[in-house]
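J.: This is the content of protein.cif (mmCIF, C-alpha atoms and all ligand atoms):
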data_query
loop_
_atom_site.label_atom_id
_atom_site.label_comp_id
_atom_site.auth_asym_id
_atom_site.auth_seq_id
_atom_site.Cartn_x
_atom_site.Cartn_y
_atom_site.Cartn_z
CA MET N 1 17.88 -10.51 -0.19
CA THR N 2 21.22 -9.20 1.10
CA THR N 3 21.09 -6.54 3.78
CA SER N 4 24.19 -5.38 5.63
CA ALA N 5 23.43 -5.73 9.33
CA PRO N 6 23.58 -2.37 11.14
CA ALA N 7 25.83 -2.11 14.21
CA PRO N 8 23.87 -3.02 17.36
CA VAL N 9 22.63 0.02 19.26
CA ALA N 10 21.99 0.50 22.96
CA ASP N 11 18.44 0.07 24.19
CA PRO N 12 17.23 2.52 25.37
CA TRP N 13 19.27 4.70 23.04
CA PRO N 14 20.66 8.02 24.28
CA ALA N 15 19.39 10.30 21.50
CA PRO N 16 22.23 12.46 20.15
CA ARG N 17 21.90 16.11 21.24
CA ALA N 18 22.46 18.79 18.60
CA THR N 19 24.56 21.29 20.51
CA ALA N 20 25.24 23.40 17.38
CA PRO N 21 23.25 24.09 14.21
CA VAL N 22 23.28 20.96 12.05
CA SER N 23 24.42 21.44 8.47
CA ALA N 24 23.94 18.42 6.24
CA VAL N 25 23.02 17.18 2.79
CA VAL N 26 21.38 13.75 2.95
CA SER N 27 20.35 11.06 0.47
CA LEU N 28 17.43 9.12 1.88
CA PRO N 29 16.26 5.55 1.17
CA GLY N 30 13.38 4.96 -1.22
CA SER N 31 9.68 5.39 -0.55
CA LYS N 32 7.97 2.49 1.20
CA SER N 33 4.65 3.31 -0.41
CA GLN N 34 6.06 3.43 -3.93
CA THR N 35 8.26 0.35 -3.49
CA ASN N 36 5.43 -1.85 -2.23
CA ARG N 37 3.01 -0.63 -4.90
CA ALA N 38 5.64 -1.22 -7.61
CA LEU N 39 6.22 -4.78 -6.36
CA VAL N 40 2.50 -5.62 -6.39
CA LEU N 41 1.97 -4.13 -9.85
CA ALA N 42 5.05 -5.92 -11.18
CA ALA N 43 3.82 -9.25 -9.80
CA LEU N 44 0.47 -8.74 -11.55
CA SER N 45 1.89 -7.44 -14.83
CA ASP N 46 2.34 -9.31 -18.07
CA ALA N 47 6.18 -9.28 -18.37
CA PRO N 48 9.33 -8.90 -16.21
CA SER N 49 9.78 -5.54 -14.43
CA VAL N 50 12.67 -3.55 -12.96
CA VAL N 51 12.28 -1.57 -9.75
CA ARG N 52 15.20 0.82 -9.36
CA ARG N 53 16.47 2.20 -6.04
CA PRO N 54 13.80 0.33 -4.05
CA LEU N 55 13.59 0.67 -0.28
CA ARG N 56 15.24 -2.24 1.54
CA SER N 57 13.54 -2.38 4.91
CA ARG N 58 11.33 -4.64 6.96
CA ASP N 59 8.09 -3.56 5.23
CA THR N 60 9.48 -4.11 1.74
CA SER N 61 11.20 -7.38 2.72
CA LEU N 62 7.83 -8.63 3.96
CA MET N 63 6.23 -7.68 0.64
CA VAL N 64 9.01 -9.47 -1.26
CA ALA N 65 8.60 -12.56 0.94
CA GLY N 66 4.82 -12.54 0.53
CA LEU N 67 5.01 -12.36 -3.26
CA ARG N 68 7.71 -15.03 -3.35
CA ALA N 69 5.51 -17.28 -1.23
CA LEU N 70 2.91 -16.96 -4.00
CA GLY N 71 5.53 -18.07 -6.55
CA CYS N 72 6.56 -14.70 -7.99
CA GLY N 73 10.20 -14.46 -9.11
CA LEU N 74 12.08 -11.64 -7.39
CA ALA N 75 15.82 -10.98 -7.75
CA THR N 76 16.75 -8.54 -4.99
CA ASP N 77 20.53 -8.94 -4.64
CA GLY N 78 21.49 -5.87 -6.63
CA ASP N 79 20.64 -2.20 -6.20
CA ASP N 80 17.83 -2.66 -8.70
CA TRP N 81 15.29 -5.45 -8.30
CA THR N 82 13.76 -7.53 -11.06
CA VAL N 83 10.33 -9.08 -10.77
CA THR N 84 9.24 -11.98 -12.97
CA PRO N 85 5.51 -12.57 -12.87
CA VAL N 86 4.14 -16.13 -12.94
CA PRO N 87 0.66 -17.59 -12.42
CA LEU N 88 0.43 -17.18 -8.65
CA ALA N 89 -0.40 -20.16 -6.45
CA GLY N 90 -0.76 -21.38 -2.88
CA PRO N 91 -0.52 -23.02 -0.47
CA ALA N 92 1.34 -20.09 1.04
CA ARG N 93 1.80 -18.19 4.27
CA VAL N 94 2.13 -14.42 4.29
CA ASP N 95 3.73 -12.71 7.27
CA CYS N 96 2.41 -9.14 7.37
CA GLY N 97 4.68 -8.11 10.25
CA LEU N 98 3.39 -4.64 11.08
CA ALA N 99 3.15 -3.54 7.44
CA GLY N 100 -0.27 -2.16 6.56
CA THR N 101 0.62 -2.31 2.87
CA VAL N 102 1.27 -6.06 3.06
CA MET N 103 -1.84 -6.87 5.11
CA ARG N 104 -4.13 -4.76 2.85
CA PHE N 105 -2.53 -5.07 -0.62
CA LEU N 106 -1.86 -8.83 -0.72
CA PRO N 107 -5.31 -10.36 0.00
CA PRO N 108 -6.67 -9.24 -3.41
CA VAL N 109 -3.50 -10.65 -5.00
CA ALA N 110 -4.07 -13.90 -3.09
CA GLY N 111 -7.59 -14.01 -4.54
CA LEU N 112 -5.99 -14.08 -8.00
CA ALA N 113 -3.72 -16.98 -6.94
CA ARG N 114 -4.84 -20.60 -7.08
CA GLY N 115 -4.81 -22.19 -3.61
CA THR N 116 -4.94 -21.37 0.07
CA VAL N 117 -3.08 -18.35 1.44
CA ASP N 118 -2.83 -17.84 5.20
CA PHE N 119 -2.10 -14.38 6.58
CA ASP N 120 -0.77 -13.44 10.03
CA GLY N 121 1.55 -10.83 11.50
CA ASP N 122 2.98 -9.20 14.62
CA PRO N 123 0.82 -9.28 17.77
CA HIS N 124 -0.22 -5.64 17.32
CA MET N 125 -1.09 -6.26 13.66
CA ARG N 126 -4.01 -8.41 14.79
CA LEU N 127 -5.57 -5.18 16.11
CA ARG N 128 -5.16 -3.14 12.92
CA PRO N 129 -8.25 -2.95 10.70
CA VAL N 130 -8.56 -5.05 7.52
CA GLY N 131 -12.15 -6.36 7.69
CA GLU N 132 -13.42 -3.92 5.05
CA VAL N 133 -10.93 -5.29 2.49
CA LEU N 134 -11.88 -8.87 3.29
CA GLY N 135 -15.61 -8.08 3.15
CA ALA N 136 -15.12 -6.32 -0.19
CA LEU N 137 -13.26 -9.32 -1.58
CA ARG N 138 -16.10 -11.61 -0.51
CA ALA N 139 -18.57 -9.31 -2.29
CA LEU N 140 -16.35 -9.50 -5.40
CA GLY N 141 -16.46 -13.30 -5.41
CA VAL N 142 -13.43 -14.36 -3.34
CA ASP N 143 -13.64 -17.09 -0.69
CA VAL N 144 -12.18 -15.49 2.48
CA GLU N 145 -12.22 -16.87 6.03
CA GLY N 146 -12.01 -14.33 8.85
CA SER N 147 -12.42 -10.61 9.31
CA GLY N 148 -9.06 -9.71 10.85
CA LEU N 149 -5.64 -11.29 11.26
CA PRO N 150 -5.17 -14.24 11.16
CA PHE N 151 -7.29 -14.84 8.03
CA THR N 152 -7.23 -17.13 5.00
CA VAL N 153 -7.90 -16.44 1.33
CA HIS N 154 -8.87 -19.45 -0.77
CA GLY N 155 -7.79 -18.20 -4.17
CA ALA N 156 -9.54 -19.54 -7.26
CA GLY N 157 -6.96 -18.23 -9.73
CA ARG N 158 -9.39 -15.54 -10.85
CA VAL N 159 -11.65 -12.92 -9.28
CA ARG N 160 -15.00 -11.91 -10.74
CA GLY N 161 -14.77 -8.28 -9.58
CA GLY N 162 -17.48 -5.68 -10.19
CA THR N 163 -18.98 -3.01 -7.96
CA VAL N 164 -18.36 -2.87 -4.23
CA THR N 165 -18.98 -0.41 -1.40
CA VAL N 166 -16.48 -0.04 1.46
CA ASP N 167 -16.11 2.22 4.45
CA ALA N 168 -12.53 3.40 4.07
CA SER N 169 -12.63 5.97 6.86
CA ALA N 170 -10.15 3.89 8.87
CA SER N 171 -7.53 3.63 6.09
CA SER N 172 -6.99 4.72 2.50
CA GLN N 173 -5.16 1.42 2.02
CA PHE N 174 -8.54 -0.38 1.78
CA ILE N 175 -9.18 1.49 -1.48
CA SER N 176 -5.61 1.21 -2.80
CA ALA N 177 -5.66 -2.54 -2.19
CA LEU N 178 -8.72 -3.09 -4.37
CA LEU N 179 -7.52 -0.73 -7.11
CA LEU N 180 -4.01 -2.21 -7.38
CA ALA N 181 -5.31 -5.69 -8.24
CA GLY N 182 -8.60 -4.57 -9.81
CA ALA N 183 -7.42 -4.48 -13.43
CA ARG N 184 -6.79 -8.21 -13.17
CA PHE N 185 -10.33 -8.99 -12.00
CA ASP N 186 -12.61 -10.31 -14.79
CA GLU N 187 -14.91 -7.27 -14.57
CA GLY N 188 -12.36 -4.82 -13.18
CA VAL N 189 -13.51 -3.06 -10.05
CA ASP N 190 -15.77 -0.13 -9.22
CA VAL N 191 -15.13 0.93 -5.61
CA LEU N 192 -17.49 3.26 -3.77
CA HIS N 193 -16.67 4.70 -0.37
CA ASP N 194 -19.51 5.16 2.13
CA GLY N 195 -18.59 6.57 5.54
CA LYS N 196 -16.69 9.42 7.18
CA PRO N 197 -14.08 11.06 4.92
CA VAL N 198 -11.30 8.82 3.60
CA PRO N 199 -7.91 9.75 5.14
CA SER N 200 -4.56 9.92 3.36
CA LEU N 201 -6.02 10.75 -0.09
CA PRO N 202 -2.55 11.44 -1.59
CA HIS N 203 -1.85 7.75 -1.13
CA ILE N 204 -4.86 6.85 -3.28
CA GLU N 205 -3.67 9.41 -5.83
CA MET N 206 -0.31 7.62 -5.80
CA THR N 207 -2.08 4.31 -6.49
CA VAL N 208 -4.09 5.80 -9.35
CA ALA N 209 -1.03 7.51 -10.86
CA MET N 210 1.06 4.34 -10.71
CA LEU N 211 -1.73 2.27 -12.29
CA ARG N 212 -2.12 4.78 -15.12
CA GLU N 213 1.64 4.75 -15.75
CA GLN N 214 1.30 1.02 -16.43
CA GLY N 215 -1.49 1.57 -18.93
CA VAL N 216 -4.42 0.79 -16.64
CA VAL N 217 -7.57 2.86 -17.22
CA VAL N 218 -8.80 4.40 -13.96
CA ASP N 219 -11.74 6.78 -13.59
CA ASP N 220 -11.52 8.84 -10.40
CA SER N 221 -13.59 11.76 -11.66
CA ASP N 222 -16.30 11.38 -8.99
CA ALA N 223 -15.60 11.94 -5.29
CA ASP N 224 -15.47 8.71 -3.27
CA ARG N 225 -15.59 6.47 -6.34
CA TRP N 226 -12.80 4.77 -8.28
CA ARG N 227 -13.35 2.57 -11.33
CA VAL N 228 -10.56 0.38 -12.73
CA GLU N 229 -11.14 -1.14 -16.17
CA PRO N 230 -10.18 -4.80 -16.61
CA GLY N 231 -7.01 -5.28 -18.63
CA PRO N 232 -3.29 -6.02 -18.53
CA ILE N 233 -0.83 -4.19 -16.30
CA ARG N 234 2.19 -3.21 -18.38
CA ALA N 235 5.60 -4.21 -16.96
CA LEU N 236 7.41 -1.50 -14.97
CA ASP N 237 10.78 0.12 -15.26
CA ARG N 238 10.54 2.50 -12.39
CA THR N 239 12.92 4.48 -10.18
CA ILE N 240 11.62 4.86 -6.66
CA GLU N 241 11.67 8.39 -5.20
CA PRO N 242 13.28 9.06 -1.81
CA ASP N 243 10.81 8.53 1.04
CA LEU N 244 9.55 12.03 1.77
CA SER N 245 7.67 11.00 4.91
CA ASN N 246 10.92 9.64 6.28
CA ALA N 247 12.50 13.01 5.48
CA ALA N 248 10.46 14.43 8.38
CA PRO N 249 12.97 13.77 11.19
CA PHE N 250 15.89 15.06 9.10
CA LEU N 251 14.16 18.30 8.15
CA ALA N 252 12.95 18.60 11.74
CA LEU N 253 16.59 18.43 12.80
CA ALA N 254 17.24 21.63 10.86
CA ALA N 255 14.14 23.14 12.47
CA VAL N 256 15.14 22.39 16.07
CA SER N 257 18.88 23.12 15.74
CA ARG N 258 18.58 26.35 13.70
CA GLY N 259 20.60 24.42 11.13
CA THR N 260 20.23 23.67 7.44
CA VAL N 261 19.41 20.24 6.01
CA THR N 262 19.06 19.44 2.33
CA VAL N 263 17.34 16.26 1.18
CA ARG N 264 18.75 15.27 -2.20
CA ASP N 265 16.55 14.41 -5.19
CA TRP N 266 13.32 15.79 -3.70
CA PRO N 267 10.89 15.47 -6.62
CA ARG N 268 9.41 18.75 -7.92
CA SER N 269 6.13 16.94 -8.49
CA THR N 270 4.98 13.90 -6.53
CA THR N 271 1.97 12.20 -4.99
CA GLN N 272 3.92 11.42 -1.79
CA ALA N 273 2.21 12.74 1.34
CA GLY N 274 5.59 13.83 2.70
CA ASP N 275 5.70 16.64 0.16
CA ARG N 276 3.33 18.49 2.54
CA LEU N 277 6.35 18.94 4.85
CA ARG N 278 7.38 21.93 2.74
CA GLU N 279 4.24 23.81 3.70
CA ILE N 280 4.15 22.54 7.30
CA LEU N 281 7.73 23.52 8.08
CA ALA N 282 7.31 26.92 6.43
CA SER N 283 4.26 27.54 8.63
CA MET N 284 6.42 26.81 11.69
CA GLY N 285 8.89 29.51 10.63
CA CYS N 286 11.44 27.48 8.64
CA GLU N 287 12.92 28.70 5.39
CA VAL N 288 12.06 26.10 2.76
CA GLY N 289 13.16 26.03 -0.86
CA PHE N 290 14.46 23.96 -3.74
CA THR N 291 18.12 24.05 -4.70
CA ASP N 292 19.96 22.27 -7.51
CA GLU N 293 20.61 19.43 -5.04
CA GLY N 294 17.13 18.96 -3.60
CA LEU N 295 14.96 20.49 -0.88
CA ARG N 296 16.69 22.74 1.66
CA VAL N 297 15.20 23.61 5.04
CA SER N 298 16.73 26.09 7.47
CA GLY N 299 15.48 26.33 11.03
CA PRO N 300 14.15 29.55 12.55
CA GLU N 301 15.33 31.43 15.65
CA ARG N 302 11.98 30.60 17.25
CA LEU N 303 9.86 27.63 16.19
CA GLN N 304 6.22 28.72 15.84
CA GLY N 305 3.15 26.74 16.91
CA VAL N 306 0.67 25.72 14.19
CA ASP N 307 -2.97 24.81 13.68
CA LEU N 308 -3.06 22.03 11.09
CA ASP N 309 -5.50 19.50 9.67
CA LEU N 310 -3.31 16.45 8.97
CA HIS N 311 -6.16 14.20 7.73
CA ASP N 312 -4.48 13.78 4.33
CA VAL N 313 -1.00 13.24 5.74
CA GLY N 314 -1.55 11.48 9.06
CA GLU N 315 1.74 9.60 8.89
CA LEU N 316 3.57 12.92 9.39
CA THR N 317 1.92 13.41 12.80
CA PRO N 318 4.62 11.98 15.11
CA ALA N 319 7.39 14.21 13.71
CA VAL N 320 5.12 17.26 13.54
CA ALA N 321 3.89 16.60 17.10
CA ALA N 322 7.49 16.52 18.35
CA LEU N 323 8.04 19.92 16.72
CA CYS N 324 4.82 21.27 18.25
CA ALA N 325 6.02 20.15 21.69
CA LEU N 326 9.20 22.19 21.12
CA ALA N 327 7.47 25.25 19.61
CA GLU N 328 7.15 28.57 21.39
CA GLY N 329 3.41 28.96 20.82
CA PRO N 330 0.31 26.74 21.08
CA SER N 331 -0.50 24.14 18.39
CA HIS N 332 -3.49 22.08 17.31
CA LEU N 333 -3.22 18.96 15.12
CA ARG N 334 -6.63 17.91 13.80
CA GLY N 335 -8.39 15.35 11.59
CA ILE N 336 -6.25 12.39 12.62
CA GLY N 337 -8.47 10.06 14.63
CA HIS N 338 -7.60 7.29 12.15
CA ILE N 339 -3.95 7.20 13.26
CA ARG N 340 -5.11 5.43 16.41
CA GLY N 341 -5.17 2.41 14.03
CA HIS N 342 -1.60 2.86 12.79
CA GLU N 343 1.43 0.97 14.15
CA THR N 344 0.19 1.93 17.60
CA ASP N 345 -2.52 4.30 18.85
CA ARG N 346 -0.37 7.25 17.87
CA LEU N 347 -2.50 9.91 19.56
CA ALA N 348 -2.36 8.13 22.91
CA ALA N 349 1.33 7.24 22.51
CA LEU N 350 2.39 10.75 21.55
CA ALA N 351 0.35 12.33 24.34
CA HIS N 352 1.82 9.92 26.88
CA GLU N 353 5.45 10.06 25.78
CA LEU N 354 5.72 13.77 24.96
CA GLY N 355 3.77 14.52 28.14
CA GLY N 356 6.26 12.37 30.06
CA LEU N 357 9.05 14.67 28.88
CA GLY N 358 7.17 17.73 30.15
CA ALA N 359 5.10 18.72 27.10
CA ASP N 360 1.78 20.44 27.78
CA VAL N 361 -0.20 18.11 25.52
CA THR N 362 -3.91 17.29 25.42
CA GLU N 363 -5.16 14.17 23.63
CA ARG N 364 -8.44 14.73 21.76
CA ALA N 365 -10.64 12.20 19.94
CA ASP N 366 -9.22 13.23 16.59
CA GLY N 367 -6.05 15.10 17.40
CA LEU N 368 -3.59 16.67 19.82
CA SER N 369 -3.22 20.15 21.29
CA PHE N 370 -0.04 21.65 22.72
CA GLY N 371 0.79 24.61 24.91
CA PRO N 372 4.35 25.90 25.15
CA SER N 373 6.25 24.20 27.95
CA PRO N 374 9.91 23.46 28.70
CA LEU N 375 10.84 19.81 28.06
CA ARG N 376 13.16 17.60 30.09
CA GLY N 377 15.04 14.36 29.50
CA GLY N 378 13.69 10.89 30.27
CA LEU N 379 12.63 7.64 28.65
CA PHE N 380 10.64 7.89 25.39
CA ARG N 381 8.76 4.66 24.59
CA THR N 382 8.15 3.75 20.94
CA TYR N 383 5.54 0.91 20.96
CA ALA N 384 7.17 -0.82 17.94
CA ASP N 385 6.35 2.30 15.91
CA HIS N 386 9.11 3.62 13.64
CA ARG N 387 7.59 7.09 13.60
CA MET N 388 7.38 7.24 17.41
CA ALA N 389 11.14 6.68 17.37
CA HIS N 390 11.45 9.60 14.93
CA ALA N 391 9.50 11.79 17.36
CA GLY N 392 11.79 10.71 20.21
CA VAL N 393 15.03 11.52 18.40
CA ILE N 394 13.73 14.93 17.28
CA VAL N 395 13.03 15.89 20.89
CA GLY N 396 16.35 14.32 21.92
CA ALA N 397 18.21 16.56 19.47
CA ALA N 398 16.85 19.60 21.30
CA VAL N 399 16.68 18.40 24.92
CA ASP N 400 19.37 16.83 27.13
CA GLY N 401 18.98 13.27 28.37
CA VAL N 402 16.29 11.76 26.12
CA LEU N 403 16.49 7.95 25.93
CA VAL N 404 14.64 6.37 23.02
CA GLU N 405 13.40 2.86 23.66
CA ASP N 406 13.86 0.33 20.80
CA VAL N 407 15.17 2.78 18.21
CA ALA N 408 15.77 -0.32 16.05
CA THR N 409 12.04 -0.34 15.32
CA THR N 410 12.88 2.27 12.66
CA SER N 411 14.00 -0.64 10.46
CA LYS N 412 10.33 -0.90 9.40
CA THR N 413 11.06 1.73 6.77
CA PHE N 414 14.68 2.85 7.23
CA PRO N 415 17.76 0.61 7.39
CA ASP N 416 20.21 1.62 10.16
CA PHE N 417 18.36 4.80 11.07
CA ALA N 418 20.28 5.22 14.34
CA GLY N 419 23.66 5.00 12.59
CA PHE N 420 22.56 7.49 9.93
CA TRP N 421 21.16 9.91 12.54
CA SER N 422 24.31 9.70 14.69
CA GLY N 423 26.37 10.66 11.68
CA LEU N 424 24.47 13.94 11.38
CA VAL N 425 23.76 15.17 14.89
O1 LIG N 501 -0.90 3.35 1.01
C1 LIG N 501 0.10 3.64 1.66
O2 LIG N 501 1.27 3.40 1.24
C2 LIG N 501 -0.06 4.32 2.96
C3 LIG N 501 -1.26 4.91 3.25
C4 LIG N 501 -1.50 5.62 4.53
O3 LIG N 501 -2.26 4.75 5.35
P1 LIG N 501 -3.65 5.19 6.07
O4 LIG N 501 -4.61 5.59 5.02
O5 LIG N 501 -4.03 3.96 6.81
O6 LIG N 501 -3.29 6.35 6.97
C5 LIG N 501 -0.19 5.96 5.24
O7 LIG N 501 -0.45 6.46 6.51
C6 LIG N 501 0.72 4.75 5.28
O8 LIG N 501 1.91 5.07 5.93
C7 LIG N 501 1.09 4.33 3.87
C1 LIG N 502 0.88 4.05 8.93
C2 LIG N 502 2.08 3.64 8.51
O1 LIG N 502 2.39 2.41 8.01
P1 LIG N 502 1.53 1.21 7.40
O2 LIG N 502 1.94 1.14 5.96
O3 LIG N 502 1.97 0.01 8.18
O4 LIG N 502 0.08 1.53 7.58
C3 LIG N 502 3.26 4.53 8.58
O5 LIG N 502 4.32 4.15 8.02
O6 LIG N 502 3.18 5.62 9.19
#
Could I get this structure in the form of structure tokens?
T.:
Amino acid sequence: MTTSAPAPVADPWPAPRATAPVSAVVSLPGSKSQTNRALVLAALSDAPSVVRRPLRSRDTSLMVAGLRALGCGLATDGDDWTVTPVPLAGPARVDCGLAGTVMRFLPPVAGLARGTVDFDGDPHMRLRPVGEVLGALRALGVDVEGSGLPFTVHGAGRVRGGTVTVDASASSQFISALLLAGARFDEGVDVLHDGKPVPSLPHIEMTVAMLREQGVVVDDSDADRWRVEPGPIRALDRTIEPDLSNAAPFLALAAVSRGTVTVRDWPRSTTQAGDRLREILASMGCEVGFTDEGLRVSGPERLQGVDLDLHDVGELTPAVAALCALAEGPSHLRGIGHIRGHETDRLAALAHELGGLGADVTERADGLSFGPSPLRGGLFRTYADHRMAHAGVIVGAAVDGVLVEDVATTSKTFPDFAGFWSGLV
């Protein structure tokens, strides 16, 4: 895959300060969640697929490499990628990096391959939960060694499938993983959730919608139950939407600079969790509306505090938390205990780093609370978490002297984020 190397950036990176209202129209890279689902479905489909305007980033490169390791043909030189499915086979090694989608979505695919597939990833990835997916695969007839990274799937070239119960309260990706490959199991799959509420439900809706677009029959009419009929997955010809979760820092820039930022090609209807930003930013006092170009957000004179349950859209928390730290009233972010299992323990990291810049922040078991407080410059650590870096640059746009450690970690889902951001602020 060709990727133009971004210019090296200082570490820590002095976050650009927006000294005047920012006015910009931006085109953002494609959705990570849609790109990695499209690649998995294409690899399991019955004919060659085209994925248009895919995201090129670390998470999607890892998915490409993982599928290639299993023998799948992927041409990724052009703007559009082509995927040529083949009977998948090991032996293979899959590097999950820090990509939840790779660690959760590929084990069921490996079960459908013939041969041994070893999985490992970044040091922190070994702490992220995956045992429920592996246990479910065992119950569905797959030979799996281990209950967390590193683990090994001994694929038999087919998976029996059937009914399985999982506790998906730690991650919606456990469900998506089983559904994405389920049509290719002999008996399909009938997944029941048993546990505290499943987070990030829009992401499961995205999985179901993308399966149905490829002709797969999915029944999601009962709460906490998803049934995928066995059958072929039709080849894709799909254009990936811009990543709306990664729009968060750019729209936040309008919010904190009293500026106006338009994100081009914002879909009028989508399953992306980032679409909730429209409502969230409006509740903080921003003017939010569609234009012919896309979604336009204008920042208010005074940013208001909010009381929000982010259970469905936990990945928006770092950017929203940065805005709460800058707001003029108190805020409460609730329902997000599960994001302690994301790229880092995001509740602890946000409390520590925003607190270090002077925020009045309280870490709770399942959320964060903020009181209004003036912020100051200083070092903002990112813990290899792309969205922590987003939080750091948002604060840095509004406060003098913020230094963001390892801003390059944004390459997980956004190529050359620092260069792009510098061009706007
Ligand atoms: O399926 C997906 O593409 C994702 C699901 C969500 O995971 P969790 O359910 O673990 O929060 C989300 O936070 C992550 O960024 C992407
Ligand atoms: C939780 C996230 O990623 P992952 O897909 O690695 O779980 C995220 O991008 O916020």
J.: Output the neighbourhood of ligand LIG 501 (chain N) as a list of chain:residue names, that is, all protein and nucleic acid residues with some atom at most 6 Å from the ligand, counting all atoms listed in the file.
T.: N:Ser33, N:Thr101, N:Ser171, N:Ser172, N:Gln173, N:Pro199, N:Ser200, N:His203, N:Gly314, N:Glu315
J.: Which neighbours of region 254-264 of chain N fall inside 8 Å, counting all atoms listed in the file, when residues of the same chain fewer than 6 positions from it are skipped, and could you give them as a PyMOL selection string?
T.: chain N and resi 18-28+247+281+286+293-301+303+323+326+394+397-398
J.: Save out the residues we just selected, C-alpha atoms, as a short mmCIF file (atom, residue, chain, number, x, y, z; two decimals), in the frame of the given file.
T.:
data_model
loop_
_atom_site.label_atom_id
_atom_site.label_comp_id
_atom_site.auth_asym_id
_atom_site.auth_seq_id
_atom_site.Cartn_x
_atom_site.Cartn_y
_atom_site.Cartn_z
CA ALA N 18 22.46 18.79 18.60
CA THR N 19 24.56 21.29 20.51
CA ALA N 20 25.24 23.40 17.38
CA PRO N 21 23.25 24.09 14.21
CA VAL N 22 23.28 20.96 12.05
CA SER N 23 24.42 21.44 8.47
CA ALA N 24 23.94 18.42 6.24
CA VAL N 25 23.02 17.18 2.79
CA VAL N 26 21.38 13.75 2.95
CA SER N 27 20.35 11.06 0.47
CA LEU N 28 17.43 9.12 1.88
CA ALA N 247 12.50 13.01 5.48
CA LEU N 281 7.73 23.52 8.08
CA CYS N 286 11.44 27.48 8.64
CA GLU N 293 20.61 19.43 -5.04
CA GLY N 294 17.13 18.96 -3.60
CA LEU N 295 14.96 20.49 -0.88
CA ARG N 296 16.69 22.74 1.66
CA VAL N 297 15.20 23.61 5.04
CA SER N 298 16.73 26.09 7.47
CA GLY N 299 15.48 26.33 11.03
CA PRO N 300 14.15 29.55 12.55
CA GLU N 301 15.33 31.43 15.65
CA LEU N 303 9.86 27.63 16.19
CA LEU N 323 8.04 19.92 16.72
CA LEU N 326 9.20 22.19 21.12
CA ILE N 394 13.73 14.93 17.28
CA ALA N 397 18.21 16.56 19.47
CA ALA N 398 16.85 19.60 21.30
#
J.: Return as a VMD selection string the residues of protein, DNA or RNA that approach ligand LIG 502 (chain N) to within 9 Å, with only C-alpha atoms and all ligand atoms taken into account.
T.: chain N and resid 32 to 33 59 97 to 104 125 128 171 173 245 to 246 314 to 318 339 341 to 344 385 to 387 412 to 413
J.: Pick from N:Val144, N:Leu403, N:Ile204, N:Ala181: nearest to Ile233 (chain N), with all atoms listed in the file counted?
T.: N:Ala181
J.: Quick one, how far is CA of Glu229 (chain N) from CA of Val64 (chain N)?
T.: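 Straight-line distance from CA of Glu229 (chain N) to CA of Val64 (chain N) works out to 26.4 Å.
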J.: So how far away is CA of Gly30 (chain N) from CA of Arg17 (chain N), in Å?
T.: 26.5 Å
J.: For CA of Ala183 (chain N) and CA of Gly157 (chain N), determine how far apart the two atoms are, in Å to one decimal place.
T.: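 CA of Ala183 (chain N) sits 14.2 Å away from CA of Gly157 (chain N).
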J.: Determine the nearest neighbour of Thr163 (chain N) from the options N:Ala389, N:Trp226, N:Val402, N:Ala325, counting all atoms listed in the file.
T.: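 With all atoms listed in the file as the atom set, the closest residue is N:Trp226.
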J.: Place N, CA and C atoms on region 399-408 of chain N and deliver the coordinates as an mmCIF file, in the frame of the given file.
T.:
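Here's the written file part.cif:
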data_model
loop_
_atom_site.group_PDB
_atom_site.id
_atom_site.type_symbol
_atom_site.label_atom_id
_atom_site.label_comp_id
_atom_site.auth_asym_id
_atom_site.auth_seq_id
_atom_site.Cartn_x
_atom_site.Cartn_y
_atom_site.Cartn_z
ATOM 1 N N VAL N 399 16.829 18.465 23.460
ATOM 2 C CA VAL N 399 16.680 18.400 24.920
ATOM 3 C C VAL N 399 17.698 17.397 25.465
ATOM 4 N N ASP N 400 18.389 17.755 26.530
ATOM 5 C CA ASP N 400 19.370 16.830 27.130
ATOM 6 C C ASP N 400 18.695 15.599 27.713
ATOM 7 N N GLY N 401 19.355 14.447 27.591
ATOM 8 C CA GLY N 401 18.980 13.270 28.370
ATOM 9 C C GLY N 401 17.742 12.517 27.906
ATOM 10 N N VAL N 402 17.417 12.562 26.602
ATOM 11 C CA VAL N 402 16.290 11.760 26.120
ATOM 12 C C VAL N 402 16.798 10.373 25.716
ATOM 13 N N LEU N 403 16.139 9.339 26.237
ATOM 14 C CA LEU N 403 16.490 7.950 25.930
ATOM 15 C C LEU N 403 15.366 7.352 25.108
ATOM 16 N N VAL N 404 15.677 6.912 23.899
ATOM 17 C CA VAL N 404 14.640 6.370 23.020
ATOM 18 C C VAL N 404 14.651 4.856 23.103
ATOM 19 N N GLU N 405 13.514 4.313 23.524
ATOM 20 C CA GLU N 405 13.400 2.860 23.660
ATOM 21 C C GLU N 405 13.276 2.225 22.266
ATOM 22 N N ASP N 406 13.984 1.118 22.027
ATOM 23 C CA ASP N 406 13.860 0.330 20.800
ATOM 24 C C ASP N 406 13.938 1.199 19.539
ATOM 25 N N VAL N 407 15.021 1.950 19.417
ATOM 26 C CA VAL N 407 15.170 2.780 18.210
ATOM 27 C C VAL N 407 15.287 1.897 16.968
ATOM 28 N N ALA N 408 15.646 0.611 17.181
ATOM 29 C CA ALA N 408 15.770 -0.320 16.050
ATOM 30 C C ALA N 408 14.445 -0.556 15.338
#
